[in-house]
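A.B. asks: Provided herewith is a single structure, encoded as structure tokens, for subsequent inquiry.
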Amino acid sequence: MTDTAPAPYSPLRDVPNGYGLISRLNHWITAGVFLGALTLGLLLGYGELARETAAPMMQWHQALGLLVLLWGGWRILWRIAQGFPHPTSENPTTGTSKLEHMVARLVHIGLLAATLALPLSGLLMVLAGGHDLGVFGLTLVPASGEIEWLEELGEEVHEAAPIFVLGLLILHVGGALKHQFVDRDDTLRRMIRP
């Protein structure tokens, strides 16, 4: 039986109690691109915009959606490879509990799943709707015919998921702020710095 030495420290990789540079960049890049696509999607869905205003916004929405899918897919693979760092210590004084840690884990998993579900449902709407998949006039996947039930499935997910995602984002940001200002622990700080 041979003992294996622990992997050498690297600022790029996660450690048991913190996030490495790659995880921090993955988090903030995905958040920025995802929020951009989500904001444009909500404006397109509920903004009652004129066609000449909506068309360029739709181009940006689709481009950001593809970027969310690609970067989010990479982020999920990285998270699976790295695992989740340990939560900050439980603090009975401020109310941090095992239940709170479990909810935080479920919210994280939900947000990671949303980075795939929203763009995939958008792709399904476009391709099953018989349209080319393209970005700024460049066709990435040509249309191959309409599949009505798949288009409707994509549309239902793409229209319902943002409300669910907004709820998860409120819980995620609210939890981070609670850790920062109520619990006064390192939960938020470790996503900003090593």
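Following the order of the structure tokens, first chain is A, next is B, and so on, with residues numbered from 1 inside each chain and ligands from 1 in the order they appear.
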At a cut-off of 12 Å, using only C-alpha atoms, what residues contact A:Gly20? Leave out same-chain residues fewer than 2 positions from it and give the result as a ChimeraX atom specification.
C.D. replies: /A:9-18,22-27,78-79,82-85,190-194
A.B. asks: Pull the strand (DSSP E) assignments for stretch 3-188 of chain A out of DSSP run on the backbone, and list those residues as a PyMOL selection string.
C.D. replies: chain A and resi 133-135+138-141
A.B. asks: Could you please take those selected residues and save N, CA and C atoms as an mmCIF file, in the first residue's frame?
C.D. replies:
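The file below, result.cif, is the result:
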```cif
data_model
loop_
_atom_site.group_PDB
_atom_site.id
_atom_site.type_symbol
_atom_site.label_atom_id
_atom_site.label_comp_id
_atom_site.auth_asym_id
_atom_site.auth_seq_id
_atom_site.Cartn_x
_atom_site.Cartn_y
_atom_site.Cartn_z
ATOM 1 N N LEU A 133 -30.104 28.439 -36.558
ATOM 2 C CA LEU A 133 -29.461 28.916 -35.342
ATOM 3 C C LEU A 133 -28.288 29.772 -35.785
ATOM 4 N N GLY A 134 -28.369 31.046 -35.457
ATOM 5 C CA GLY A 134 -27.325 31.950 -35.895
ATOM 6 C C GLY A 134 -27.072 33.045 -34.898
ATOM 7 N N VAL A 135 -25.933 33.681 -35.072
ATOM 8 C CA VAL A 135 -25.543 34.799 -34.228
ATOM 9 C C VAL A 135 -25.050 35.910 -35.131
ATOM 10 N N LEU A 138 -24.523 35.137 -38.791
ATOM 11 C CA LEU A 138 -23.714 33.954 -39.087
ATOM 12 C C LEU A 138 -24.504 32.716 -38.690
ATOM 13 N N THR A 139 -24.820 31.869 -39.671
ATOM 14 C CA THR A 139 -25.582 30.656 -39.394
ATOM 15 C C THR A 139 -24.655 29.602 -38.819
ATOM 16 N N LEU A 140 -24.982 29.149 -37.608
ATOM 17 C CA LEU A 140 -24.199 28.106 -36.957
ATOM 18 C C LEU A 140 -24.774 26.724 -37.243
ATOM 19 N N VAL A 141 -26.115 26.628 -37.215
ATOM 20 C CA VAL A 141 -26.808 25.374 -37.527
ATOM 21 C C VAL A 141 -27.986 25.729 -38.423
#
```
A.B. asks: Here is a test: counting only C-alpha atoms, which residue of A:His131, A:His172, A:His158, A:Arg75 is nearest to A:His108?
C.D. replies: A:His172
A.B. asks: Would you kindly return, as a list of chain:residue names, each protein, DNA or RNA residue with an atom no farther than 9 Å from any atom of A:Phe34, considering only C-alpha atoms and excluding same-chain residues fewer than 6 positions away?
C.D. replies: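 What passes the distance filter is A:Leu64, A:Gly65, A:Leu67, A:Val68, A:Gly72, A:Thr115.
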A.B. asks: Counting only C-alpha atoms, what is within 8 Å of stretch 121-126 of chain A, bar same-chain residues fewer than 4 positions away, as a list in words?
C.D. replies: Gly65, Ala117, Gly130, His131, Asp132, Leu133, Leu150, Glu151, Glu152, Leu153, Gly154, Glu155, Val157 and His158 of chain A
A.B. asks: Go through A:Trp149, A:Phe181, A:Phe136, A:Trp71 and flag the residue nearest A:Ala31, using only C-alpha atoms for the distances.
C.D. replies: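 Comparing A:Trp149, A:Phe181, A:Phe136, A:Trp71 against A:Ala31, the winner is A:Trp71.
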A.B. asks: In terms of the shortest atom-to-atom distance over only C-alpha atoms, which of A:Leu120, A:Leu35, A:Leu40, A:Leu69 is closest to A:Ala55?
C.D. replies: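 Of all the options, A:Leu40 lies closest to A:Ala55.
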A.B. asks: Taking 4 positions as the minimum chain separation for residues in the same chain, which residues sit within 9 Å of A:Ala161 when counting only C-alpha atoms? Answer as an mmCIF file with C-alpha atoms, in the first residue's frame.
C.D. replies:
```
data_model
loop_
_atom_site.group_PDB
_atom_site.id
_atom_site.type_symbol
_atom_site.label_atom_id
_atom_site.label_comp_id
_atom_site.auth_asym_id
_atom_site.auth_seq_id
_atom_site.Cartn_x
_atom_site.Cartn_y
_atom_site.Cartn_z
ATOM 1 C CA ALA A 114 -30.280 26.828 -15.125
ATOM 2 C CA ALA A 117 -31.664 24.561 -19.104
ATOM 3 C CA LEU A 118 -32.360 28.113 -20.263
ATOM 4 C CA GLU A 156 -42.647 26.290 -22.040
ATOM 5 C CA VAL A 157 -39.306 25.772 -20.287
ATOM 6 C CA VAL A 165 -34.194 31.455 -11.703
ATOM 7 C CA LEU A 166 -35.046 34.902 -10.305
#
```
A.B. asks: Using only C-alpha atoms, which residue out of A:Thr88, A:Leu44, A:Ile109, A:Glu52 lies closest to A:Asp183?
C.D. replies: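 The closest residue to A:Asp183 is A:Thr88.
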A.B. asks: A:Pro87: which residues within 12 Å, counting only C-alpha atoms, same-chain residues fewer than 6 positions away excluded, as an MDAnalysis selection string?
C.D. replies: chainID A and resid 15:19 96:105 179 185:188 190
A.B. asks: Give me, as a list in words, all polymer residues having an atom no more than 7 Å from A:Gly129, counting only C-alpha atoms and skipping those fewer than 5 positions away in the same chain.
C.D. replies: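 Everything that qualifies: Glu146, Ile147, Glu148 and Glu151 of chain A.
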A.B. asks: Considering only alpha helix (DSSP H) as DSSP defines it on the backbone, what residues of stretch 45-136 of chain A qualify? List them as a VMD selection string.
C.D. replies: chain A and resid 45 to 46 51 to 82 98 to 128
